Amino acid sequence: NDSDIWEGLFVDIKGQSLRKTLTIGNIYRPPHDNNSNENISKFVSELSPVINILQRENTYAAIVGDFNINLLQLNERETFNDFFDLMFHTKI
């Protein structure tokens with residue numbers, strides 16, 4: 001899907017020595033509107049379906065990237081917590 005706030009590349013790695021396909025996702029979210037609650041909420045809502053697809057597939061997955069989120073404000077903004085809940089409390 002096209003997005004005006006982030007871009008990503010997903011690669012599937014397959015091989016006879018792997019029990020499952022390994023999907024590696026690389027995501028970049030430019031720093032514009034970095035601290036905007038609206039932008040973070042939109043990012044989380046756009047990324048959630050991608051996470052859901054990866055959960056349904058029979059694959060190991062890792063998502064890495066430059067999310068441009070100010071970790072110093074993590075406890076001050078609920079939208080940042082929503083992002084980290086999505087990324088780190090979701091088993092893929």
# chains A, B, ... in the order shown; residues from 1 in each chain; ligands from 1
call {"tool": "residues_around", "arguments": {"residues": "A:Asn58", "least_positions_apart": "4", "cutoff": "12 Å", "atoms": "only C-alpha atoms", "output": "PyMOL selection string"}}
result
chain A and resi 12+19-23+52-54+92
call {"tool": "residues_around", "arguments": {"residues": "A:Arg29", "least_positions_apart": "5", "cutoff": "7 Å", "atoms": "only C-alpha atoms", "output": "number ranges by chain"}}
result
A: 5-7, 66-68
call {"tool": "closest_residue", "arguments": {"among": "A:Glu57, A:Val11, A:Gln73, A:Ser17", "to": "A:Ser36", "atoms": "only C-alpha atoms"}}
result
A:Gln73
call {"tool": "atom_distance", "arguments": {"atom1": "atom CA of A:Gly15", "atom2": "atom CA of A:Pro49"}}
result
26.5 Å
call {"tool": "select_by_dssp", "arguments": {"residues": "stretch 3-77 of chain A", "states": "strand (DSSP E)", "output": "MDAnalysis selection string"}}
result
chainID A and resid 7:13 21:28 59:66
call {"tool": "atom_distance", "arguments": {"atom1": "atom CA of A:Asp2", "atom2": "atom CA of A:Ile40"}}
result
16.5 Å
call {"tool": "select_by_dssp", "arguments": {"residues": "stretch 8-53 of chain A", "states": "alpha helix (DSSP H)", "output": "list in words"}}
result
Asn37, Glu38, Asn39, Ile40, Ser41, Lys42, Phe43, Val44, Ser45, Glu46, Leu47, Ser48, Pro49, Val50, Ile51, Asn52 and Ile53 of chain A
call {"tool": "residues_around", "arguments": {"residues": "A:Gly8", "least_positions_apart": "5", "cutoff": "9 Å", "atoms": "only C-alpha atoms", "output": "count of residues only"}}
result
6
call {"tool": "closest_residue", "arguments": {"among": "A:Ser41, A:Pro30, A:Leu47, A:Ala61", "to": "A:Phe10", "atoms": "only C-alpha atoms"}}
result
A:Ala61
call {"tool": "atom_distance", "arguments": {"atom1": "atom CA of A:Leu71", "atom2": "atom CA of A:Ser48"}}
result
20.1 Å
call {"tool": "closest_residue", "arguments": {"among": "A:Ile69, A:Val64, A:Val50, A:Ile13", "to": "A:Phe83", "atoms": "only C-alpha atoms"}}
result
A:Ile69
call {"tool": "decode", "arguments": {"residues": "stretch 39-53 of chain A", "atoms": "N, CA, C and O atoms", "output": "short mmCIF file (atom, residue, chain, number, x, y, z; two decimals), in the first residue's frame"}}
result
data_model
loop_
_atom_site.label_atom_id
_atom_site.label_comp_id
_atom_site.auth_asym_id
_atom_site.auth_seq_id
_atom_site.Cartn_x
_atom_site.Cartn_y
_atom_site.Cartn_z
N ASN A 39 0.26 12.16 13.42
CA ASN A 39 1.15 11.43 12.52
C ASN A 39 1.50 10.05 13.07
O ASN A 39 1.48 9.06 12.34
N ILE A 40 1.80 9.99 14.35
CA ILE A 40 2.14 8.70 14.97
C ILE A 40 0.93 7.77 14.94
O ILE A 40 1.04 6.58 14.64
N SER A 41 -0.25 8.30 15.24
CA SER A 41 -1.47 7.48 15.20
C SER A 41 -1.73 6.94 13.80
O SER A 41 -2.10 5.77 13.63
N LYS A 42 -1.52 7.77 12.80
CA LYS A 42 -1.71 7.33 11.41
C LYS A 42 -0.68 6.26 11.06
O LYS A 42 -1.01 5.26 10.41
N PHE A 43 0.55 6.45 11.48
CA PHE A 43 1.61 5.46 11.25
C PHE A 43 1.24 4.12 11.87
O PHE A 43 1.34 3.07 11.23
N VAL A 44 0.80 4.13 13.12
CA VAL A 44 0.42 2.90 13.81
C VAL A 44 -0.76 2.24 13.10
O VAL A 44 -0.77 1.03 12.89
N SER A 45 -1.75 3.04 12.69
CA SER A 45 -2.92 2.45 12.03
C SER A 45 -2.57 1.89 10.65
O SER A 45 -3.18 0.91 10.21
N GLU A 46 -1.61 2.49 9.95
CA GLU A 46 -1.19 1.97 8.65
C GLU A 46 -0.28 0.74 8.80
O GLU A 46 -0.30 -0.14 7.95
N LEU A 47 0.49 0.68 9.86
CA LEU A 47 1.40 -0.44 10.06
C LEU A 47 0.70 -1.66 10.66
O LEU A 47 1.12 -2.79 10.42
N SER A 48 -0.37 -1.45 11.39
CA SER A 48 -1.09 -2.56 12.03
C SER A 48 -1.53 -3.64 11.05
O SER A 48 -1.33 -4.83 11.33
N PRO A 49 -2.12 -3.31 9.88
CA PRO A 49 -2.50 -4.37 8.95
C PRO A 49 -1.30 -5.17 8.43
O PRO A 49 -1.41 -6.37 8.19
N VAL A 50 -0.17 -4.52 8.29
CA VAL A 50 1.05 -5.22 7.85
C VAL A 50 1.46 -6.23 8.91
O VAL A 50 1.77 -7.38 8.60
N ILE A 51 1.42 -5.82 10.17
CA ILE A 51 1.76 -6.72 11.28
C ILE A 51 0.77 -7.89 11.31
O ILE A 51 1.16 -9.04 11.50
N ASN A 52 -0.51 -7.59 11.10
CA ASN A 52 -1.53 -8.64 11.11
C ASN A 52 -1.30 -9.66 10.00
O ASN A 52 -1.46 -10.87 10.22
N ILE A 53 -0.91 -9.22 8.83
CA ILE A 53 -0.61 -10.13 7.72
C ILE A 53 0.56 -11.02 8.08
O ILE A 53 0.53 -12.23 7.87
#
